[in-house]
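Q: my_file-v7.cif is reproduced in full below (mmCIF, C-alpha atoms).
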data_final
#
loop_
_atom_site.group_PDB
_atom_site.id
_atom_site.type_symbol
_atom_site.label_atom_id
_atom_site.label_comp_id
_atom_site.auth_asym_id
_atom_site.auth_seq_id
_atom_site.Cartn_x
_atom_site.Cartn_y
_atom_site.Cartn_z
ATOM 1 C CA MET A 18 0.000 0.000 0.000
ATOM 2 C CA SER A 19 1.293 3.514 -0.798
ATOM 3 C CA GLN A 20 2.015 6.030 1.929
ATOM 4 C CA ALA A 21 -0.815 8.074 3.390
ATOM 5 C CA ARG A 22 -1.554 11.540 2.081
ATOM 6 C CA LEU A 23 -0.654 14.223 4.617
ATOM 7 C CA MET A 24 -3.467 16.480 5.830
ATOM 8 C CA ASP A 25 -1.879 19.923 5.662
ATOM 9 C CA GLY A 26 -3.333 21.890 8.545
ATOM 10 C CA THR A 27 -0.904 24.757 8.041
ATOM 11 C CA ALA A 28 -2.114 25.523 4.514
ATOM 12 C CA LEU A 29 -5.792 25.112 5.401
ATOM 13 C CA ALA A 30 -5.416 27.294 8.496
ATOM 14 C CA ARG A 31 -3.779 30.002 6.384
ATOM 15 C CA ARG A 32 -6.797 30.052 4.065
ATOM 16 C CA ILE A 33 -9.211 30.220 7.006
ATOM 17 C CA VAL A 34 -7.292 33.109 8.579
ATOM 18 C CA GLU A 35 -7.226 34.982 5.258
ATOM 19 C CA ARG A 36 -10.993 34.560 4.903
ATOM 20 C CA THR A 37 -11.467 35.604 8.530
ATOM 21 C CA ALA A 38 -9.364 38.740 7.944
ATOM 22 C CA HIS A 39 -11.612 39.734 5.042
ATOM 23 C CA ARG A 40 -14.725 39.180 7.163
ATOM 24 C CA ALA A 41 -13.243 41.242 9.997
ATOM 25 C CA ALA A 42 -12.326 44.066 7.607
ATOM 26 C CA ASP A 43 -15.873 44.077 6.264
ATOM 27 C CA LEU A 44 -17.274 44.189 9.798
ATOM 28 C CA ILE A 45 -14.998 47.119 10.650
ATOM 29 C CA SER A 46 -16.069 49.032 7.531
ATOM 30 C CA ARG A 47 -19.764 48.509 8.308
ATOM 31 C CA THR A 48 -19.714 49.155 12.058
ATOM 32 C CA GLY A 49 -16.467 50.940 12.880
ATOM 33 C CA VAL A 50 -15.793 48.216 15.455
ATOM 34 C CA ARG A 51 -12.819 45.863 15.323
ATOM 35 C CA PRO A 52 -13.467 42.343 16.667
ATOM 36 C CA CYS A 53 -11.579 41.911 19.947
ATOM 37 C CA LEU A 54 -10.218 38.744 21.569
ATOM 38 C CA ALA A 55 -9.200 38.943 25.232
ATOM 39 C CA THR A 56 -6.628 36.391 26.392
ATOM 40 C CA VAL A 57 -6.118 35.664 30.082
ATOM 41 C CA LEU A 58 -2.907 34.031 31.282
ATOM 42 C CA VAL A 59 -2.272 32.898 34.853
ATOM 43 C CA GLY A 60 1.407 32.537 35.715
ATOM 44 C CA GLU A 61 4.376 32.334 33.391
ATOM 45 C CA ASP A 62 4.409 28.785 32.048
ATOM 46 C CA PRO A 63 6.799 29.052 29.068
ATOM 47 C CA ALA A 64 4.637 26.956 26.724
ATOM 48 C CA SER A 65 1.532 28.970 27.602
ATOM 49 C CA VAL A 66 3.361 32.287 27.183
ATOM 50 C CA THR A 67 4.558 31.199 23.739
ATOM 51 C CA TYR A 68 1.113 29.982 22.743
ATOM 52 C CA VAL A 69 -0.589 33.212 23.817
ATOM 53 C CA ARG A 70 1.996 35.279 21.931
ATOM 54 C CA MET A 71 1.342 33.179 18.830
ATOM 55 C CA LYS A 72 -2.387 33.830 19.141
ATOM 56 C CA GLN A 73 -1.778 37.562 19.504
ATOM 57 C CA ASN A 74 0.330 37.566 16.327
ATOM 58 C CA ARG A 75 -2.368 35.669 14.434
ATOM 59 C CA CYS A 76 -4.956 38.182 15.668
ATOM 60 C CA ARG A 77 -3.074 40.973 13.942
ATOM 61 C CA THR A 78 -3.010 38.945 10.729
ATOM 62 C CA ALA A 79 -6.774 38.482 10.955
ATOM 63 C CA ASN A 80 -7.687 42.152 11.649
ATOM 64 C CA ILE A 81 -8.650 41.231 15.213
ATOM 65 C CA ALA A 82 -7.735 43.389 18.206
ATOM 66 C CA SER A 83 -6.011 41.541 21.028
ATOM 67 C CA ARG A 84 -6.305 42.416 24.705
ATOM 68 C CA HIS A 85 -4.037 40.496 27.044
ATOM 69 C CA VAL A 86 -4.542 40.106 30.793
ATOM 70 C CA GLU A 87 -1.662 38.656 32.809
ATOM 71 C CA LEU A 88 -2.293 37.408 36.333
ATOM 72 C CA PRO A 89 0.291 36.116 38.815
ATOM 73 C CA ALA A 90 0.667 32.391 39.386
ATOM 74 C CA ALA A 91 -0.731 32.779 42.921
ATOM 75 C CA THR A 92 -4.026 34.193 41.611
ATOM 76 C CA THR A 93 -7.043 32.782 43.449
ATOM 77 C CA THR A 94 -10.089 31.232 41.821
ATOM 78 C CA ALA A 95 -12.179 34.173 43.038
ATOM 79 C CA ARG A 96 -9.907 36.751 41.398
ATOM 80 C CA LEU A 97 -9.747 34.842 38.134
ATOM 81 C CA VAL A 98 -13.526 34.384 38.081
ATOM 82 C CA GLN A 99 -14.035 38.111 38.651
ATOM 83 C CA THR A 100 -11.566 38.972 35.872
ATOM 84 C CA LEU A 101 -13.464 36.764 33.440
ATOM 85 C CA ARG A 102 -16.828 38.176 34.537
ATOM 86 C CA ASP A 103 -15.536 41.708 33.999
ATOM 87 C CA LEU A 104 -14.384 40.830 30.482
ATOM 88 C CA SER A 105 -17.726 39.150 29.814
ATOM 89 C CA ALA A 106 -19.500 42.374 30.765
ATOM 90 C CA ASP A 107 -17.225 44.566 28.621
ATOM 91 C CA PRO A 108 -18.976 45.340 25.307
ATOM 92 C CA SER A 109 -15.654 46.100 23.604
ATOM 93 C CA VAL A 110 -14.561 42.473 24.126
ATOM 94 C CA HIS A 111 -16.180 39.951 21.778
ATOM 95 C CA GLY A 112 -14.315 36.748 22.591
ATOM 96 C CA ILE A 113 -12.498 35.445 25.676
ATOM 97 C CA LEU A 114 -9.757 32.846 25.889
ATOM 98 C CA LEU A 115 -8.515 31.531 29.228
ATOM 99 C CA GLN A 116 -5.162 29.915 28.557
ATOM 100 C CA HIS A 117 -4.953 26.591 30.329
ATOM 101 C CA PRO A 118 -3.645 24.970 32.452
ATOM 102 C CA VAL A 119 -4.182 27.554 35.180
ATOM 103 C CA GLY A 120 -2.575 25.847 38.172
ATOM 104 C CA ASP A 121 -3.814 23.085 40.449
ATOM 105 C CA HIS A 122 -4.939 25.519 43.164
ATOM 106 C CA ILE A 123 -7.524 27.077 40.839
ATOM 107 C CA ASP A 124 -10.956 25.625 40.127
ATOM 108 C CA GLU A 125 -10.609 25.621 36.340
ATOM 109 C CA ARG A 126 -14.229 24.674 35.746
ATOM 110 C CA ALA A 127 -15.468 27.577 37.858
ATOM 111 C CA ALA A 128 -13.218 29.860 35.827
ATOM 112 C CA PHE A 129 -14.514 28.538 32.509
ATOM 113 C CA GLU A 130 -18.110 28.988 33.630
ATOM 114 C CA ALA A 131 -17.413 32.663 34.395
ATOM 115 C CA ILE A 132 -17.069 33.236 30.636
ATOM 116 C CA ALA A 133 -20.302 34.416 29.039
ATOM 117 C CA PRO A 134 -21.465 31.760 26.518
ATOM 118 C CA GLU A 135 -21.766 34.356 23.748
ATOM 119 C CA LYS A 136 -18.048 35.153 24.216
ATOM 120 C CA ASP A 137 -16.847 31.560 24.701
ATOM 121 C CA VAL A 138 -14.946 31.441 21.416
ATOM 122 C CA ASP A 139 -12.712 28.647 22.762
ATOM 123 C CA GLY A 140 -15.740 26.420 23.371
ATOM 124 C CA VAL A 141 -14.941 25.492 26.989
ATOM 125 C CA THR A 142 -18.191 26.164 28.884
ATOM 126 C CA PHE A 143 -20.993 23.757 29.719
ATOM 127 C CA ALA A 144 -23.200 25.770 27.367
ATOM 128 C CA SER A 145 -20.825 25.244 24.451
ATOM 129 C CA PHE A 146 -20.557 21.522 25.136
ATOM 130 C CA ALA A 147 -24.343 21.291 25.147
ATOM 131 C CA THR A 148 -24.683 23.033 21.796
ATOM 132 C CA MET A 149 -22.006 20.752 20.333
ATOM 133 C CA SER A 150 -23.753 17.677 21.715
ATOM 134 C CA PHE A 151 -27.135 18.686 20.327
ATOM 135 C CA ALA A 152 -25.767 20.063 17.030
ATOM 136 C CA LEU A 153 -27.177 23.506 17.811
ATOM 137 C CA PRO A 154 -25.699 26.898 16.859
ATOM 138 C CA GLY A 155 -22.883 27.934 19.167
ATOM 139 C CA PHE A 156 -19.142 27.764 19.560
ATOM 140 C CA VAL A 157 -17.222 24.519 19.241
ATOM 141 C CA SER A 158 -14.086 23.638 21.170
ATOM 142 C CA CYS A 159 -11.333 24.918 18.922
ATOM 143 C CA THR A 160 -9.230 21.802 18.452
ATOM 144 C CA PRO A 161 -12.247 19.548 17.757
ATOM 145 C CA GLY A 162 -13.643 22.239 15.469
ATOM 146 C CA GLY A 163 -10.345 22.376 13.623
ATOM 147 C CA ILE A 164 -10.372 18.597 13.247
ATOM 148 C CA MET A 165 -13.839 18.669 11.695
ATOM 149 C CA ARG A 166 -12.727 21.380 9.261
ATOM 150 C CA LEU A 167 -9.773 19.218 8.258
ATOM 151 C CA LEU A 168 -12.077 16.257 7.611
ATOM 152 C CA ASN A 169 -14.324 18.471 5.486
ATOM 153 C CA ALA A 170 -11.399 19.870 3.507
ATOM 154 C CA TYR A 171 -10.198 16.374 2.626
ATOM 155 C CA ASP A 172 -13.693 15.126 1.750
ATOM 156 C CA VAL A 173 -13.922 12.711 4.668
ATOM 157 C CA ASP A 174 -17.600 12.119 5.405
ATOM 158 C CA PRO A 175 -17.941 10.557 8.892
ATOM 159 C CA ALA A 176 -21.476 9.274 8.189
ATOM 160 C CA GLY A 177 -21.673 5.543 8.730
ATOM 161 C CA LYS A 178 -17.999 5.256 9.616
ATOM 162 C CA ARG A 179 -16.602 3.866 12.841
ATOM 163 C CA ALA A 180 -14.684 6.586 14.663
ATOM 164 C CA VAL A 181 -12.446 5.821 17.627
ATOM 165 C CA VAL A 182 -11.494 8.734 19.877
ATOM 166 C CA VAL A 183 -8.518 7.985 22.108
ATOM 167 C CA GLY A 184 -8.823 10.570 24.866
ATOM 168 C CA ARG A 185 -11.564 11.944 27.084
ATOM 169 C CA SER A 186 -10.629 15.501 28.031
ATOM 170 C CA ALA A 187 -13.419 18.037 28.397
ATOM 171 C CA ILE A 188 -12.069 20.306 25.661
ATOM 172 C CA LEU A 189 -10.792 17.761 23.134
ATOM 173 C CA GLY A 190 -11.691 14.088 23.432
ATOM 174 C CA LYS A 191 -15.286 14.386 24.616
ATOM 175 C CA PRO A 192 -16.374 17.211 22.289
ATOM 176 C CA VAL A 193 -14.748 15.778 19.153
ATOM 177 C CA GLY A 194 -16.669 12.565 19.774
ATOM 178 C CA MET A 195 -19.921 14.521 19.992
ATOM 179 C CA LEU A 196 -19.141 16.422 16.781
ATOM 180 C CA LEU A 197 -18.443 13.142 14.985
ATOM 181 C CA LEU A 198 -21.652 11.653 16.376
ATOM 182 C CA ALA A 199 -23.573 14.666 15.069
ATOM 183 C CA ARG A 200 -22.164 13.810 11.630
ATOM 184 C CA ASP A 201 -23.571 10.261 11.905
ATOM 185 C CA ALA A 202 -20.352 8.444 12.783
ATOM 186 C CA THR A 203 -20.474 5.504 15.186
ATOM 187 C CA VAL A 204 -18.215 6.717 17.984
ATOM 188 C CA THR A 205 -16.188 4.734 20.507
ATOM 189 C CA TYR A 206 -14.319 6.534 23.278
ATOM 190 C CA CYS A 207 -11.060 5.050 24.527
ATOM 191 C CA HIS A 208 -8.277 6.294 26.781
ATOM 192 C CA SER A 209 -4.962 5.294 28.312
ATOM 193 C CA ARG A 210 -6.664 2.752 30.590
ATOM 194 C CA THR A 211 -8.761 1.078 27.918
ATOM 195 C CA ARG A 212 -8.185 -2.653 27.852
ATOM 196 C CA GLU A 213 -7.303 -4.130 24.460
ATOM 197 C CA LEU A 214 -6.884 -0.664 22.955
ATOM 198 C CA SER A 215 -5.181 -2.143 19.910
ATOM 199 C CA SER A 216 -8.182 -4.304 19.033
ATOM 200 C CA VAL A 217 -10.512 -1.293 19.193
ATOM 201 C CA VAL A 218 -8.235 0.872 17.044
ATOM 202 C CA ARG A 219 -7.995 -1.885 14.425
ATOM 203 C CA GLU A 220 -11.747 -1.518 13.748
ATOM 204 C CA ALA A 221 -11.649 2.254 13.222
ATOM 205 C CA ASP A 222 -12.244 4.006 9.923
ATOM 206 C CA ILE A 223 -11.336 7.296 11.641
ATOM 207 C CA VAL A 224 -8.875 7.487 14.546
ATOM 208 C CA VAL A 225 -8.574 10.644 16.635
ATOM 209 C CA ALA A 226 -5.628 10.377 19.032
ATOM 210 C CA ALA A 227 -5.934 12.917 21.841
ATOM 211 C CA ALA A 228 -4.669 11.296 25.028
ATOM 212 C CA GLY A 229 -1.438 13.221 25.537
ATOM 213 C CA ARG A 230 0.645 10.040 25.527
ATOM 214 C CA PRO A 231 3.496 9.814 22.993
ATOM 215 C CA ARG A 232 2.957 7.073 20.396
ATOM 216 C CA LEU A 233 0.100 5.544 22.378
ATOM 217 C CA VAL A 234 -1.576 4.498 19.113
ATOM 218 C CA ARG A 235 0.633 1.965 17.368
ATOM 219 C CA GLY A 236 0.951 2.258 13.630
ATOM 220 C CA GLU A 237 0.520 -1.458 13.085
ATOM 221 C CA ASP A 238 -2.928 -1.218 14.703
ATOM 222 C CA VAL A 239 -4.195 1.296 12.138
ATOM 223 C CA LYS A 240 -6.713 -0.265 9.772
ATOM 224 C CA PRO A 241 -5.504 -0.094 6.157
ATOM 225 C CA GLY A 242 -7.061 2.965 4.542
ATOM 226 C CA ALA A 243 -8.115 4.587 7.819
ATOM 227 C CA VAL A 244 -8.001 8.339 8.415
ATOM 228 C CA VAL A 245 -5.691 9.199 11.324
ATOM 229 C CA ILE A 246 -5.979 12.510 13.174
ATOM 230 C CA ASP A 247 -3.150 13.006 15.673
ATOM 231 C CA ALA A 248 -4.131 15.767 18.104
ATOM 232 C CA GLY A 249 -1.307 14.981 20.507
ATOM 233 C CA TYR A 250 1.797 17.068 20.975
ATOM 234 C CA ASN A 251 4.593 15.779 23.165
ATOM 235 C CA ALA A 252 8.227 16.679 23.732
ATOM 236 C CA GLY A 253 10.367 16.367 20.631
ATOM 237 C CA ASN A 254 7.519 17.044 18.168
ATOM 238 C CA VAL A 255 6.089 13.599 18.849
ATOM 239 C CA GLY A 256 2.373 12.942 18.536
ATOM 240 C CA ASP A 257 0.103 10.361 20.143
ATOM 241 C CA VAL A 258 0.414 8.143 17.049
ATOM 242 C CA ASP A 259 3.498 6.239 15.938
ATOM 243 C CA PHE A 260 3.657 8.196 12.697
ATOM 244 C CA ALA A 261 6.450 6.240 10.989
ATOM 245 C CA THR A 262 4.414 3.033 10.873
ATOM 246 C CA ALA A 263 0.921 4.576 10.700
ATOM 247 C CA VAL A 264 1.789 6.505 7.529
ATOM 248 C CA GLU A 265 2.341 3.173 5.773
ATOM 249 C CA ARG A 266 -1.218 2.007 6.490
ATOM 250 C CA ALA A 267 -3.497 5.055 6.663
ATOM 251 C CA SER A 268 -5.037 6.792 3.651
ATOM 252 C CA LEU A 269 -4.876 10.238 5.291
ATOM 253 C CA ILE A 270 -2.872 11.328 8.328
ATOM 254 C CA THR A 271 -2.046 14.582 10.094
ATOM 255 C CA PRO A 272 1.623 15.375 10.711
ATOM 256 C CA VAL A 273 2.930 16.629 14.064
ATOM 257 C CA PRO A 274 3.518 19.529 13.925
ATOM 258 C CA GLY A 275 1.617 21.115 11.031
ATOM 259 C CA GLY A 276 -1.610 19.165 11.238
ATOM 260 C CA VAL A 277 -4.145 19.856 13.986
ATOM 261 C CA GLY A 278 -2.256 22.629 15.819
ATOM 262 C CA PRO A 279 -2.622 25.433 13.242
ATOM 263 C CA MET A 280 -6.298 24.575 12.840
ATOM 264 C CA THR A 281 -6.947 25.236 16.532
ATOM 265 C CA ILE A 282 -5.842 28.872 16.290
ATOM 266 C CA ALA A 283 -7.604 29.395 12.956
ATOM 267 C CA THR A 284 -10.867 28.157 14.460
ATOM 268 C CA LEU A 285 -10.426 30.458 17.463
ATOM 269 C CA LEU A 286 -10.024 33.504 15.215
ATOM 270 C CA GLU A 287 -12.929 32.488 12.983
ATOM 271 C CA GLN A 288 -15.200 32.116 15.999
ATOM 272 C CA THR A 289 -14.078 35.482 17.395
ATOM 273 C CA VAL A 290 -15.320 37.198 14.246
ATOM 274 C CA ASP A 291 -18.498 35.114 14.437
ATOM 275 C CA ALA A 292 -18.999 36.319 18.014
ATOM 276 C CA ALA A 293 -18.426 39.959 17.117
ATOM 277 C CA THR A 294 -20.839 39.712 14.211
ATOM 278 C CA ARG A 295 -23.580 38.301 16.455
ATOM 279 C CA GLN A 296 -22.987 40.790 19.262
ATOM 280 C CA LEU A 297 -23.073 43.730 16.867
ATOM 281 C CA GLY A 298 -26.241 42.391 15.249
ATOM 282 C CA VAL A 299 -25.006 42.544 11.682
#
Would you mind giving the structure from this file in structure tokens?
A:
Amino acid sequence: MSQARLMDGTALARRIVERTAHRAADLISRTGVRPCLATVLVGEDPASVTYVRMKQNRCRTANIASRHVELPAATTTARLVQTLRDLSADPSVHGILLQHPVGDHIDERAAFEAIAPEKDVDGVTFASFATMSFALPGFVSCTPGGIMRLLNAYDVDPAGKRAVVVGRSAILGKPVGMLLLARDATVTYCHSRTRELSSVVREADIVVAAAGRPRLVRGEDVKPGAVVIDAGYNAGNVGDVDFATAVERASLITPVPGGVGPMTIATLLEQTVDAATRQLGV
């Protein structure tokens, strides 16, 4: 069998950001208001600092204003919640992103729920999960949303296919399974403690690896012709799939990096302009 075709998230994300920039420019010309994304960072985790800076740079590319709020690592849940409520009440802010993780001493769920649903452009609130689960209008979690856009771009129709999601996080594994279910896939959730994981993966037409464990999904377990989405990112640019062997069996596969990652930010920016458009009533 020939090698899998790579799903180029970098190129697709670039097109989405370009389209988003045009939409933002049109919104500015009609209303005089620039869409604004507020990012909130607790502490100085190097990876989080880098990621937030990257998002700020992409905002400029997309004609989106960026407001950044830095809080010390010792910030309490109460202070963080109040910060997010204040941003939610600010009409000049259209989307809010709380960079996570926020520290073990903070109730992350309480913080997420302080974000107004209409500004939850990262898709982290209970309200957003509900709209994803019921296929209603709203904001999707950005990485799952980016994955679905990749599938669409490469003409992968999940309907009737068996999809295996390896991972169960609230902002990646669980919501991507619900989005696939809404597209008529038959979804199985697995995780690092699943018994006989290999046998489940072997049945999958679509594999989404999102467990945060390097090379957890073995390439030899990939069904010939399957579509493999690797949403993991581990030290050394290693994903959750053993790419070297999986690429020999899959029909389509995302590289790490350059696959899912760029799509996450592109989806965030797209949803920020969506949010601004709704809030401005145009």
Q: Choose the residue, out of A:Ala180, A:Phe146, A:Arg235, A:Arg266, that has the smallest atom-to-atom separation from Tyr206 in chain A; count all atoms listed in the file.
A: A:Ala180
Q: Taking the file as I've supplied it (selection: the PyMOL selection byres ((chain A and resi 275) around 6)), which residues are included? Please answer as a list in words.
A: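 When the PyMOL selection byres ((chain A and resi 275) around 6) is applied to the shown file, the picked residues are Gly26, Thr27, Pro272, Val273, Pro274 and Gly276 of chain A.
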Q: Hey, could you make a per-residue contact list for range 67-180 of chain A against range 223-233 of chain A with 10 Å as the cut-off, showing the nearest pair of atoms and its distance in Å to one decimal, counting all atoms listed in the file, sorted by chain and number, as a Markdown table?
A:
| residue | atom | partner | partner_atom | distance |
| --- | --- | --- | --- | --- |
| A:Pro161 | CA | A:Val225 | CA | 9.7 |
| A:Ile164 | CA | A:Val225 | CA | 8.8 |
| A:Leu168 | CA | A:Ile223 | CA | 9.9 |
| A:Val173 | CA | A:Ile223 | CA | 9.2 |
| A:Pro175 | CA | A:Ile223 | CA | 7.9 |
| A:Lys178 | CA | A:Ile223 | CA | 7.3 |
| A:Arg179 | CA | A:Ile223 | CA | 6.4 |
| A:Ala180 | CA | A:Ile223 | CA | 4.6 |
Q: Exactly which residues make up the result of the PyMOL selection byres ((chain A and resi 77-83) around 9) on this file, given as a list in words?
A: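 Checking the PyMOL selection byres ((chain A and resi 77-83) around 9) against this file, the residues are Val34, Glu35, Arg36, Thr37, Ala38, His39, Arg40, Ala41, Ala42, Ile45, Arg51, Pro52, Cys53, Leu54, Ala55, Thr56, Lys72, Gln73, Asn74, Arg75, Cys76, Arg84, His85, Leu286, Glu287, Thr289 and Val290 of chain A.
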Q: Leaving out Asp174 in chain A and any residue of its chain fewer than 6 positions from it, which residues lie within 12 Å of it when counting all atoms listed in the file, given as a list in words?
A: Met165, Arg166, Leu167, Leu168, Ala180, Leu197, Leu198, Ala199, Arg200, Asp201, Ala202, Asp222, Ile223 and Val244 of chain A
Q: CA of Arg102 in chain A and CA of Leu88 in chain A are how many Å apart?
A: 14.7 Å
Q: Please report the interatomic distance between CA of Ala128 in chain A and CA of Val98 in chain A in Å with one decimal.
A: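 Pair CA of Ala128 in chain A / CA of Val98 in chain A returns 5.1 Å.
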Q: Using all atoms listed in the file, which of the listed residues (A:Ser150, A:Ser145, A:Ser19, A:Asn169) sits closest to Leu196 in chain A?
A: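 When distances to Leu196 in chain A are compared using all atoms listed in the file, the smallest one comes from A:Ser150.
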Q: My list of candidates is A:His122, A:Arg212, A:Arg185, A:Lys191. Which is closest to Val59 in chain A when distances are computed with all atoms listed in the file?
A: A:His122
Q: Would you mind reading off the distance between CA of Ala21 in chain A and CA of Asp257 in chain A, one decimal, in Å?
A: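 That distance, rounded to one decimal, is 16.9 Å.
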Q: Just checking: using all atoms listed in the file, which residue out of A:Met149, A:Val193, A:Val181, A:Met280 ends up closest to Lys240 in chain A?
A: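 Nearest to Lys240 in chain A: A:Val181.
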Q: Between A:Ile246, A:Ile282, A:Val204, A:Thr93, which is the closest to Tyr171 in chain A once you count only C-alpha atoms?
A: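 Ranked by minimum distance to Tyr171 in chain A, first place goes to A:Ile246.
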Q: Could you check which of A:Cys159, A:Ile123, A:Val110, A:Leu58 is closest to Gly140 in chain A, using all atoms listed in the file?
A: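 Smallest separation from Gly140 in chain A among the options: A:Cys159.
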Q: Just so the selection is clear, what residues does the PyMOL selection byres ((chain A and resi 89) around 12) cover here, as a list in words?
A: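 Selected by the PyMOL selection byres ((chain A and resi 89) around 12) in this file: Val57, Leu58, Val59, Gly60, Glu61, Asp62, Val86, Glu87, Leu88, Ala90, Ala91, Thr92, Thr93, Thr94, Arg96, Leu97, Val119 and Gly120 of chain A.
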Q: If we count only C-alpha atoms, what is near Ala106 in chain A at a cut-off of 10 Å, once residues fewer than 4 positions away on the same chain are taken out, given as number ranges by chain?
A: A: 101-102, 110-111, 132-133, 136
Q: First collect every listed atom of range 36-47 of chain A; then fit an axis-aligned box around them, widen it by 6 Å on each side, and give centre and edge lengths in Å to one decimal, as lines of an AutoDock Vina configuration file.
A:
center_x = -14.6
center_y = 41.8
center_z = 7.8
size_x = 22.4
size_y = 26.5
size_z = 17.7
